[in-house]
Amino acid sequence: MMLFCVLVTALAGAATKHVSETVPVSTVVFAQYFIALLLILPGALRQGWRSLYTPRAGVHTIRGASGWLCFYFYYLAISKIPLVEASLLRAASPICVPVILLLMKTESFSAKRWWPVLVGLAGVSLILKPESGTISIWHLVGFMSAVTLALSMVLTRELALVEPGSRILFYYFLISLICSTPMMLLEWQQPNARELCWLLAIGGGVYWALKLYTEAYRLAKAAIVSPFSYFGVVFSGMLGWMVWGQIPDGWALMGICLVIAGGVWTVSLSN
């Protein structure tokens with residue numbers, strides 16, 4: 001399930017990179033959450049409005065906003081830099097989780113748990129193009145998708161202790177849709193029929209990716225499931241090579257290896 005999740009996510013990312021050449025990123029993000037909300041709404045309504053009551057509205061709001069920012073930063077990045085590098089920077093979220101938890105003061109960490117974080121950050125620094133003498137702003141935007149995804153992951157784990165998965169997804173889609181609406185209206189341009197088909201595919205893909213993601217973590221331990229997320233880098237690399245002829249340079253390849261090593265190491269120490 002996790003393997004299919006990362007495959008669908010990579011395909012949605014490639015579709016976004018393609019359609020963002022003519023459609024604003026804000027419109028892609030809005031369409032994604034609008035379609036996802038429409039898909040989850042029938043199931044939510046069958047359970048009745050009472051099932052949507054939550055005493056954790058504040059946490060849902062921050063989680064939804066951080067998830068929206070993650071996708072917005074990610075889609076901005078893939079419209080400007082190679083798909084594999086943007087995907088890898090987003091996949092660096094596991095090494096950001098300990099930092100988020102420390103800032104939130106919810107957990108303490110032994111010295112050994114910081115080593116994989118440092119290894120992963122070293123990899124990120126290589127992907128940020130050190131040989132050019134300046135850091136690419138779009139690579140930083142890609143890394144911000146990892147930071148906001150890490151915050152979303154931490155808050156999702158907190159919500160999962162007291163809320164059912166269907167309610168978490170419903171509020172995530174709803175709040176993210178609300179967050180994406182102003183940007184979409186400011187940059188609005190009418191998509192044509194071809195672009196609408198791409199937007200429908202992206203929205204449906206992200207919805208099913210999140211469903212598969214949730215189910216995979218329900219059925220297996222994070223230590224088993226999480227490393228599969230790095231197959232997304234492989235899929236994105238293959239798509240970037242086949243469609244756009246993008247091949248990572250030596251610095252990026254070294255960075256990819258370090259980030260994957262740091263991420264897997266972080267997960268292994270957390271379980």
# chains A, B, ... in the order shown; residues from 1 in each chain; ligands from 1
call {"tool": "closest_atom_pairs", "arguments": {"of": "region 195-223 of chain A", "to": "region 9-18 of chain A", "cutoff": "9 Å", "atoms": "only C-alpha atoms", "output": "CSV"}}
result
residue,atom,partner,partner_atom,distance
A:Trp198,CA,A:Ala15,CA,6.8
A:Leu199,CA,A:Thr16,CA,8.1
A:Ala201,CA,A:Ala12,CA,7.5
A:Ile202,CA,A:Ala12,CA,5.1
A:Gly203,CA,A:Ala12,CA,8.2
A:Gly205,CA,A:Ala12,CA,6.1
A:Val206,CA,A:Thr9,CA,6.4
A:Ala209,CA,A:Thr9,CA,6.2
A:Leu210,CA,A:Thr9,CA,8.9
call {"tool": "residues_around", "arguments": {"residues": "Phe4 (chain A)", "least_positions_apart": "2", "cutoff": "12 Å", "atoms": "only C-alpha atoms", "output": "number ranges by chain"}}
result
A: 1-2, 6-11, 205-206, 208-213, 215-216, 225, 228-229, 231-232, 235
call {"tool": "residues_around", "arguments": {"residues": "Gly204 (chain A)", "least_positions_apart": "6", "cutoff": "8 Å", "atoms": "only C-alpha atoms", "output": "JSON, numbers by chain"}}
result
{"A": [32, 35, 36]}
call {"tool": "select_by_dssp", "arguments": {"residues": "region 30-154 of chain A", "states": "alpha helix (DSSP H)", "output": "PDB file with N, CA and C atoms, in the first residue's frame"}}
result
ATOM      1  N   PHE A  30      -5.847  24.296  -5.098  1.00  0.00           N
ATOM      2  CA  PHE A  30      -7.280  24.439  -4.799  1.00  0.00           C
ATOM      3  C   PHE A  30      -8.061  23.270  -5.386  1.00  0.00           C
ATOM      4  N   ALA A  31      -7.821  22.946  -6.655  1.00  0.00           N
ATOM      5  CA  ALA A  31      -8.543  21.857  -7.306  1.00  0.00           C
ATOM      6  C   ALA A  31      -8.287  20.535  -6.597  1.00  0.00           C
ATOM      7  N   GLN A  32      -7.057  20.328  -6.174  1.00  0.00           N
ATOM      8  CA  GLN A  32      -6.697  19.089  -5.472  1.00  0.00           C
ATOM      9  C   GLN A  32      -7.550  18.894  -4.230  1.00  0.00           C
ATOM     10  N   TYR A  33      -7.635  19.922  -3.388  1.00  0.00           N
ATOM     11  CA  TYR A  33      -8.387  19.792  -2.147  1.00  0.00           C
ATOM     12  C   TYR A  33      -9.892  19.818  -2.376  1.00  0.00           C
ATOM     13  N   PHE A  34     -10.346  20.544  -3.387  1.00  0.00           N
ATOM     14  CA  PHE A  34     -11.769  20.571  -3.707  1.00  0.00           C
ATOM     15  C   PHE A  34     -12.248  19.183  -4.129  1.00  0.00           C
ATOM     16  N   ILE A  35     -11.489  18.527  -4.993  1.00  0.00           N
ATOM     17  CA  ILE A  35     -11.844  17.183  -5.463  1.00  0.00           C
ATOM     18  C   ILE A  35     -11.756  16.173  -4.319  1.00  0.00           C
ATOM     19  N   ALA A  36     -10.696  16.269  -3.511  1.00  0.00           N
ATOM     20  CA  ALA A  36     -10.532  15.347  -2.384  1.00  0.00           C
ATOM     21  C   ALA A  36     -11.679  15.486  -1.388  1.00  0.00           C
ATOM     22  N   LEU A  37     -12.102  16.725  -1.135  1.00  0.00           N
ATOM     23  CA  LEU A  37     -13.212  16.953  -0.206  1.00  0.00           C
ATOM     24  C   LEU A  37     -14.510  16.370  -0.766  1.00  0.00           C
ATOM     25  N   LEU A  38     -14.742  16.543  -2.056  1.00  0.00           N
ATOM     26  CA  LEU A  38     -15.938  15.969  -2.685  1.00  0.00           C
ATOM     27  C   LEU A  38     -15.937  14.446  -2.564  1.00  0.00           C
ATOM     28  N   LEU A  39     -14.783  13.819  -2.671  1.00  0.00           N
ATOM     29  CA  LEU A  39     -14.688  12.363  -2.613  1.00  0.00           C
ATOM     30  C   LEU A  39     -14.922  11.828  -1.196  1.00  0.00           C
ATOM     31  N   ILE A  40     -14.504  12.591  -0.185  1.00  0.00           N
ATOM     32  CA  ILE A  40     -14.649  12.098   1.189  1.00  0.00           C
ATOM     33  C   ILE A  40     -15.986  12.490   1.805  1.00  0.00           C
ATOM     34  N   LEU A  41     -16.668  13.481   1.216  1.00  0.00           N
ATOM     35  CA  LEU A  41     -17.897  14.011   1.791  1.00  0.00           C
ATOM     36  C   LEU A  41     -19.022  12.987   1.895  1.00  0.00           C
ATOM     37  N   PRO A  42     -19.300  12.158   0.880  1.00  0.00           N
ATOM     38  CA  PRO A  42     -20.400  11.188   1.013  1.00  0.00           C
ATOM     39  C   PRO A  42     -20.249  10.267   2.213  1.00  0.00           C
ATOM     40  N   GLY A  43     -19.041   9.753   2.430  1.00  0.00           N
ATOM     41  CA  GLY A  43     -18.806   8.883   3.574  1.00  0.00           C
ATOM     42  C   GLY A  43     -19.005   9.601   4.894  1.00  0.00           C
ATOM     43  N   ALA A  44     -18.576  10.873   4.954  1.00  0.00           N
ATOM     44  CA  ALA A  44     -18.743  11.651   6.179  1.00  0.00           C
ATOM     45  C   ALA A  44     -20.216  11.906   6.462  1.00  0.00           C
ATOM     46  N   LEU A  45     -20.996  12.202   5.420  1.00  0.00           N
ATOM     47  CA  LEU A  45     -22.420  12.492   5.604  1.00  0.00           C
ATOM     48  C   LEU A  45     -23.205  11.246   5.996  1.00  0.00           C
ATOM     49  N   ARG A  46     -22.785  10.079   5.501  1.00  0.00           N
ATOM     50  CA  ARG A  46     -23.466   8.832   5.873  1.00  0.00           C
ATOM     51  C   ARG A  46     -23.360   8.570   7.369  1.00  0.00           C
ATOM     52  N   ALA A  57     -10.406  21.556  17.517  1.00  0.00           N
ATOM     53  CA  ALA A  57     -10.498  22.398  16.318  1.00  0.00           C
ATOM     54  C   ALA A  57      -9.200  23.148  16.047  1.00  0.00           C
ATOM     55  N   GLY A  58      -8.535  23.623  17.087  1.00  0.00           N
ATOM     56  CA  GLY A  58      -7.288  24.371  16.922  1.00  0.00           C
ATOM     57  C   GLY A  58      -6.194  23.526  16.307  1.00  0.00           C
ATOM     58  N   VAL A  59      -6.063  22.287  16.785  1.00  0.00           N
ATOM     59  CA  VAL A  59      -5.034  21.388  16.246  1.00  0.00           C
ATOM     60  C   VAL A  59      -5.354  21.033  14.794  1.00  0.00           C
ATOM     61  N   HIS A  60      -6.633  20.791  14.509  1.00  0.00           N
ATOM     62  CA  HIS A  60      -7.030  20.508  13.129  1.00  0.00           C
ATOM     63  C   HIS A  60      -6.681  21.680  12.207  1.00  0.00           C
ATOM     64  N   THR A  61      -6.891  22.899  12.702  1.00  0.00           N
ATOM     65  CA  THR A  61      -6.629  24.089  11.886  1.00  0.00           C
ATOM     66  C   THR A  61      -5.149  24.210  11.544  1.00  0.00           C
ATOM     67  N   ILE A  62      -4.287  24.042  12.553  1.00  0.00           N
ATOM     68  CA  ILE A  62      -2.844  24.150  12.310  1.00  0.00           C
ATOM     69  C   ILE A  62      -2.370  23.004  11.429  1.00  0.00           C
ATOM     70  N   ARG A  63      -2.911  21.817  11.668  1.00  0.00           N
ATOM     71  CA  ARG A  63      -2.523  20.664  10.857  1.00  0.00           C
ATOM     72  C   ARG A  63      -2.953  20.868   9.407  1.00  0.00           C
ATOM     73  N   GLY A  64      -4.165  21.351   9.200  1.00  0.00           N
ATOM     74  CA  GLY A  64      -4.637  21.582   7.840  1.00  0.00           C
ATOM     75  C   GLY A  64      -3.821  22.642   7.122  1.00  0.00           C
ATOM     76  N   ALA A  65      -3.506  23.736   7.836  1.00  0.00           N
ATOM     77  CA  ALA A  65      -2.721  24.820   7.232  1.00  0.00           C
ATOM     78  C   ALA A  65      -1.308  24.356   6.893  1.00  0.00           C
ATOM     79  N   SER A  66      -0.714  23.560   7.765  1.00  0.00           N
ATOM     80  CA  SER A  66       0.644  23.071   7.485  1.00  0.00           C
ATOM     81  C   SER A  66       0.647  22.082   6.325  1.00  0.00           C
ATOM     82  N   GLY A  67      -0.392  21.249   6.230  1.00  0.00           N
ATOM     83  CA  GLY A  67      -0.492  20.332   5.098  1.00  0.00           C
ATOM     84  C   GLY A  67      -0.684  21.066   3.784  1.00  0.00           C
ATOM     85  N   TRP A  68      -1.485  22.133   3.822  1.00  0.00           N
ATOM     86  CA  TRP A  68      -1.678  22.960   2.624  1.00  0.00           C
ATOM     87  C   TRP A  68      -0.363  23.616   2.207  1.00  0.00           C
ATOM     88  N   LEU A  69       0.367  24.175   3.168  1.00  0.00           N
ATOM     89  CA  LEU A  69       1.651  24.801   2.852  1.00  0.00           C
ATOM     90  C   LEU A  69       2.635  23.795   2.276  1.00  0.00           C
ATOM     91  N   CYS A  70       2.607  22.571   2.801  1.00  0.00           N
ATOM     92  CA  CYS A  70       3.502  21.533   2.293  1.00  0.00           C
ATOM     93  C   CYS A  70       3.283  21.325   0.799  1.00  0.00           C
ATOM     94  N   PHE A  71       2.034  21.123   0.392  1.00  0.00           N
ATOM     95  CA  PHE A  71       1.757  20.903  -1.021  1.00  0.00           C
ATOM     96  C   PHE A  71       2.022  22.154  -1.848  1.00  0.00           C
ATOM     97  N   TYR A  72       1.700  23.325  -1.293  1.00  0.00           N
ATOM     98  CA  TYR A  72       1.913  24.562  -2.044  1.00  0.00           C
ATOM     99  C   TYR A  72       3.399  24.775  -2.301  1.00  0.00           C
ATOM    100  N   PHE A  73       4.234  24.615  -1.265  1.00  0.00           N
ATOM    101  CA  PHE A  73       5.682  24.745  -1.429  1.00  0.00           C
ATOM    102  C   PHE A  73       6.217  23.683  -2.400  1.00  0.00           C
ATOM    103  N   TYR A  74       5.722  22.460  -2.260  1.00  0.00           N
ATOM    104  CA  TYR A  74       6.191  21.355  -3.105  1.00  0.00           C
ATOM    105  C   TYR A  74       5.869  21.615  -4.573  1.00  0.00           C
ATOM    106  N   TYR A  75       4.649  22.035  -4.854  1.00  0.00           N
ATOM    107  CA  TYR A  75       4.258  22.286  -6.241  1.00  0.00           C
ATOM    108  C   TYR A  75       4.980  23.496  -6.824  1.00  0.00           C
ATOM    109  N   LEU A  76       5.235  24.497  -6.007  1.00  0.00           N
ATOM    110  CA  LEU A  76       6.033  25.629  -6.480  1.00  0.00           C
ATOM    111  C   LEU A  76       7.440  25.164  -6.859  1.00  0.00           C
ATOM    112  N   ALA A  77       8.009  24.313  -5.992  1.00  0.00           N
ATOM    113  CA  ALA A  77       9.371  23.837  -6.229  1.00  0.00           C
ATOM    114  C   ALA A  77       9.460  23.004  -7.506  1.00  0.00           C
ATOM    115  N   ILE A  78       8.518  22.070  -7.712  1.00  0.00           N
ATOM    116  CA  ILE A  78       8.637  21.197  -8.872  1.00  0.00           C
ATOM    117  C   ILE A  78       8.358  21.936 -10.180  1.00  0.00           C
ATOM    118  N   LEU A  83      12.232  17.401 -10.876  1.00  0.00           N
ATOM    119  CA  LEU A  83      11.231  16.699 -10.076  1.00  0.00           C
ATOM    120  C   LEU A  83      11.861  15.864  -8.973  1.00  0.00           C
ATOM    121  N   VAL A  84      12.965  15.160  -9.274  1.00  0.00           N
ATOM    122  CA  VAL A  84      13.577  14.283  -8.284  1.00  0.00           C
ATOM    123  C   VAL A  84      14.130  15.081  -7.110  1.00  0.00           C
ATOM    124  N   GLU A  85      14.692  16.258  -7.361  1.00  0.00           N
ATOM    125  CA  GLU A  85      15.254  17.063  -6.271  1.00  0.00           C
ATOM    126  C   GLU A  85      14.151  17.633  -5.387  1.00  0.00           C
ATOM    127  N   ALA A  86      13.059  18.105  -5.999  1.00  0.00           N
ATOM    128  CA  ALA A  86      11.940  18.611  -5.204  1.00  0.00           C
ATOM    129  C   ALA A  86      11.328  17.494  -4.366  1.00  0.00           C
ATOM    130  N   SER A  87      11.189  16.299  -4.951  1.00  0.00           N
ATOM    131  CA  SER A  87      10.614  15.164  -4.223  1.00  0.00           C
ATOM    132  C   SER A  87      11.505  14.741  -3.075  1.00  0.00           C
ATOM    133  N   LEU A  88      12.811  14.764  -3.299  1.00  0.00           N
ATOM    134  CA  LEU A  88      13.755  14.375  -2.248  1.00  0.00           C
ATOM    135  C   LEU A  88      13.736  15.380  -1.108  1.00  0.00           C
ATOM    136  N   LEU A  89      13.686  16.665  -1.436  1.00  0.00           N
ATOM    137  CA  LEU A  89      13.643  17.686  -0.386  1.00  0.00           C
ATOM    138  C   LEU A  89      12.378  17.541   0.454  1.00  0.00           C
ATOM    139  N   ARG A  90      11.257  17.247  -0.183  1.00  0.00           N
ATOM    140  CA  ARG A  90      10.013  17.014   0.559  1.00  0.00           C
ATOM    141  C   ARG A  90      10.113  15.753   1.414  1.00  0.00           C
ATOM    142  N   SER A  93      11.350  15.172   5.334  1.00  0.00           N
ATOM    143  CA  SER A  93      10.531  15.489   6.511  1.00  0.00           C
ATOM    144  C   SER A  93      10.876  14.667   7.757  1.00  0.00           C
ATOM    145  N   PRO A  94      11.225  13.352   7.647  1.00  0.00           N
ATOM    146  CA  PRO A  94      11.557  12.605   8.870  1.00  0.00           C
ATOM    147  C   PRO A  94      12.698  13.213   9.672  1.00  0.00           C
ATOM    148  N   ILE A  95      13.686  13.832   8.983  1.00  0.00           N
ATOM    149  CA  ILE A  95      14.794  14.417   9.735  1.00  0.00           C
ATOM    150  C   ILE A  95      14.404  15.745  10.361  1.00  0.00           C
ATOM    151  N   CYS A  96      13.257  16.327   9.929  1.00  0.00           N
ATOM    152  CA  CYS A  96      12.776  17.576  10.524  1.00  0.00           C
ATOM    153  C   CYS A  96      11.896  17.330  11.748  1.00  0.00           C
ATOM    154  N   VAL A  97      11.329  16.125  11.857  1.00  0.00           N
ATOM    155  CA  VAL A  97      10.403  15.827  12.952  1.00  0.00           C
ATOM    156  C   VAL A  97      11.036  16.027  14.329  1.00  0.00           C
ATOM    157  N   PRO A  98      12.270  15.516  14.597  1.00  0.00           N
ATOM    158  CA  PRO A  98      12.852  15.750  15.924  1.00  0.00           C
ATOM    159  C   PRO A  98      13.008  17.234  16.262  1.00  0.00           C
ATOM    160  N   VAL A  99      13.334  18.058  15.257  1.00  0.00           N
ATOM    161  CA  VAL A  99      13.474  19.491  15.498  1.00  0.00           C
ATOM    162  C   VAL A  99      12.127  20.107  15.857  1.00  0.00           C
ATOM    163  N   ILE A 100      11.071  19.707  15.134  1.00  0.00           N
ATOM    164  CA  ILE A 100       9.718  20.202  15.421  1.00  0.00           C
ATOM    165  C   ILE A 100       9.299  19.814  16.835  1.00  0.00           C
ATOM    166  N   LEU A 101       9.538  18.564  17.205  1.00  0.00           N
ATOM    167  CA  LEU A 101       9.167  18.094  18.543  1.00  0.00           C
ATOM    168  C   LEU A 101       9.940  18.840  19.620  1.00  0.00           C
ATOM    169  N   LEU A 102      11.208  19.135  19.358  1.00  0.00           N
ATOM    170  CA  LEU A 102      12.005  19.878  20.327  1.00  0.00           C
ATOM    171  C   LEU A 102      11.465  21.293  20.493  1.00  0.00           C
ATOM    172  N   LEU A 103      11.117  21.946  19.380  1.00  0.00           N
ATOM    173  CA  LEU A 103      10.571  23.301  19.445  1.00  0.00           C
ATOM    174  C   LEU A 103       9.222  23.329  20.157  1.00  0.00           C
ATOM    175  N   MET A 104       8.435  22.257  19.966  1.00  0.00           N
ATOM    176  CA  MET A 104       7.137  22.170  20.635  1.00  0.00           C
ATOM    177  C   MET A 104       7.281  21.710  22.083  1.00  0.00           C
ATOM    178  N   TRP A 115      22.287  12.422  15.473  1.00  0.00           N
ATOM    179  CA  TRP A 115      23.237  12.090  14.413  1.00  0.00           C
ATOM    180  C   TRP A 115      22.556  11.902  13.056  1.00  0.00           C
ATOM    181  N   PRO A 116      21.448  11.124  12.970  1.00  0.00           N
ATOM    182  CA  PRO A 116      20.795  11.003  11.655  1.00  0.00           C
ATOM    183  C   PRO A 116      20.235  12.317  11.137  1.00  0.00           C
ATOM    184  N   VAL A 117      19.826  13.220  12.053  1.00  0.00           N
ATOM    185  CA  VAL A 117      19.342  14.534  11.635  1.00  0.00           C
ATOM    186  C   VAL A 117      20.466  15.314  10.958  1.00  0.00           C
ATOM    187  N   LEU A 118      21.667  15.268  11.562  1.00  0.00           N
ATOM    188  CA  LEU A 118      22.820  15.975  10.993  1.00  0.00           C
ATOM    189  C   LEU A 118      23.219  15.376   9.644  1.00  0.00           C
ATOM    190  N   VAL A 119      23.143  14.042   9.530  1.00  0.00           N
ATOM    191  CA  VAL A 119      23.461  13.389   8.257  1.00  0.00           C
ATOM    192  C   VAL A 119      22.472  13.835   7.179  1.00  0.00           C
ATOM    193  N   GLY A 120      21.189  13.846   7.522  1.00  0.00           N
ATOM    194  CA  GLY A 120      20.169  14.268   6.567  1.00  0.00           C
ATOM    195  C   GLY A 120      20.313  15.714   6.162  1.00  0.00           C
ATOM    196  N   LEU A 121      20.611  16.584   7.129  1.00  0.00           N
ATOM    197  CA  LEU A 121      20.789  18.005   6.815  1.00  0.00           C
ATOM    198  C   LEU A 121      22.015  18.224   5.931  1.00  0.00           C
ATOM    199  N   ALA A 122      23.046  17.404   6.128  1.00  0.00           N
ATOM    200  CA  ALA A 122      24.220  17.492   5.243  1.00  0.00           C
ATOM    201  C   ALA A 122      23.824  17.164   3.811  1.00  0.00           C
ATOM    202  N   GLY A 123      22.950  16.153   3.674  1.00  0.00           N
ATOM    203  CA  GLY A 123      22.462  15.814   2.345  1.00  0.00           C
ATOM    204  C   GLY A 123      21.646  16.929   1.723  1.00  0.00           C
ATOM    205  N   VAL A 124      20.789  17.559   2.522  1.00  0.00           N
ATOM    206  CA  VAL A 124      19.991  18.686   2.029  1.00  0.00           C
ATOM    207  C   VAL A 124      20.902  19.819   1.567  1.00  0.00           C
ATOM    208  N   SER A 125      21.970  20.077   2.315  1.00  0.00           N
ATOM    209  CA  SER A 125      22.880  21.168   1.945  1.00  0.00           C
ATOM    210  C   SER A 125      23.550  20.902   0.598  1.00  0.00           C
ATOM    211  N   LEU A 126      23.803  19.625   0.266  1.00  0.00           N
ATOM    212  CA  LEU A 126      24.387  19.295  -1.032  1.00  0.00           C
ATOM    213  C   LEU A 126      23.378  19.506  -2.162  1.00  0.00           C
ATOM    214  N   ILE A 127      22.115  19.205  -1.897  1.00  0.00           N
ATOM    215  CA  ILE A 127      21.081  19.373  -2.919  1.00  0.00           C
ATOM    216  C   ILE A 127      20.803  20.855  -3.172  1.00  0.00           C
ATOM    217  N   ILE A 137      16.729  29.678  -4.369  1.00  0.00           N
ATOM    218  CA  ILE A 137      15.522  29.975  -3.593  1.00  0.00           C
ATOM    219  C   ILE A 137      14.480  28.880  -3.768  1.00  0.00           C
ATOM    220  N   TRP A 138      14.435  28.263  -4.972  1.00  0.00           N
ATOM    221  CA  TRP A 138      13.431  27.231  -5.217  1.00  0.00           C
ATOM    222  C   TRP A 138      13.774  25.926  -4.520  1.00  0.00           C
ATOM    223  N   HIS A 139      15.057  25.672  -4.289  1.00  0.00           N
ATOM    224  CA  HIS A 139      15.432  24.519  -3.479  1.00  0.00           C
ATOM    225  C   HIS A 139      15.051  24.755  -2.012  1.00  0.00           C
ATOM    226  N   LEU A 140      15.196  25.985  -1.545  1.00  0.00           N
ATOM    227  CA  LEU A 140      14.759  26.308  -0.182  1.00  0.00           C
ATOM    228  C   LEU A 140      13.250  26.155  -0.043  1.00  0.00           C
ATOM    229  N   VAL A 141      12.522  26.559  -1.082  1.00  0.00           N
ATOM    230  CA  VAL A 141      11.068  26.379  -1.077  1.00  0.00           C
ATOM    231  C   VAL A 141      10.741  24.889  -0.990  1.00  0.00           C
ATOM    232  N   GLY A 142      11.477  24.056  -1.729  1.00  0.00           N
ATOM    233  CA  GLY A 142      11.274  22.618  -1.657  1.00  0.00           C
ATOM    234  C   GLY A 142      11.540  22.065  -0.267  1.00  0.00           C
ATOM    235  N   PHE A 143      12.584  22.583   0.388  1.00  0.00           N
ATOM    236  CA  PHE A 143      12.875  22.123   1.742  1.00  0.00           C
ATOM    237  C   PHE A 143      11.807  22.583   2.729  1.00  0.00           C
ATOM    238  N   MET A 144      11.201  23.743   2.483  1.00  0.00           N
ATOM    239  CA  MET A 144      10.118  24.209   3.354  1.00  0.00           C
ATOM    240  C   MET A 144       8.914  23.264   3.289  1.00  0.00           C
ATOM    241  N   SER A 145       8.756  22.575   2.156  1.00  0.00           N
ATOM    242  CA  SER A 145       7.679  21.581   2.091  1.00  0.00           C
ATOM    243  C   SER A 145       7.947  20.449   3.073  1.00  0.00           C
ATOM    244  N   ALA A 146       9.230  20.111   3.297  1.00  0.00           N
ATOM    245  CA  ALA A 146       9.579  19.078   4.275  1.00  0.00           C
ATOM    246  C   ALA A 146       9.309  19.554   5.692  1.00  0.00           C
ATOM    247  N   VAL A 147       9.638  20.820   5.982  1.00  0.00           N
ATOM    248  CA  VAL A 147       9.426  21.372   7.322  1.00  0.00           C
ATOM    249  C   VAL A 147       7.938  21.400   7.672  1.00  0.00           C
ATOM    250  N   THR A 148       7.119  21.884   6.733  1.00  0.00           N
ATOM    251  CA  THR A 148       5.675  21.960   6.996  1.00  0.00           C
ATOM    252  C   THR A 148       5.048  20.563   7.022  1.00  0.00           C
ATOM    253  N   LEU A 149       5.573  19.634   6.212  1.00  0.00           N
ATOM    254  CA  LEU A 149       5.081  18.257   6.274  1.00  0.00           C
ATOM    255  C   LEU A 149       5.416  17.630   7.619  1.00  0.00           C
ATOM    256  N   ALA A 150       6.604  17.918   8.144  1.00  0.00           N
ATOM    257  CA  ALA A 150       6.985  17.386   9.460  1.00  0.00           C
ATOM    258  C   ALA A 150       6.031  17.882  10.546  1.00  0.00           C
ATOM    259  N   LEU A 151       5.675  19.167  10.489  1.00  0.00           N
ATOM    260  CA  LEU A 151       4.718  19.712  11.457  1.00  0.00           C
ATOM    261  C   LEU A 151       3.373  19.016  11.306  1.00  0.00           C
ATOM    262  N   SER A 152       2.944  18.802  10.074  1.00  0.00           N
ATOM    263  CA  SER A 152       1.681  18.105   9.827  1.00  0.00           C
ATOM    264  C   SER A 152       1.721  16.678  10.368  1.00  0.00           C
ATOM    265  N   MET A 153       2.854  15.999  10.211  1.00  0.00           N
ATOM    266  CA  MET A 153       2.994  14.630  10.704  1.00  0.00           C
ATOM    267  C   MET A 153       2.893  14.575  12.227  1.00  0.00           C
ATOM    268  N   VAL A 154       3.556  15.518  12.895  1.00  0.00           N
ATOM    269  CA  VAL A 154       3.532  15.549  14.357  1.00  0.00           C
ATOM    270  C   VAL A 154       2.110  15.777  14.862  1.00  0.00           C
TER     271      VAL A 154
END
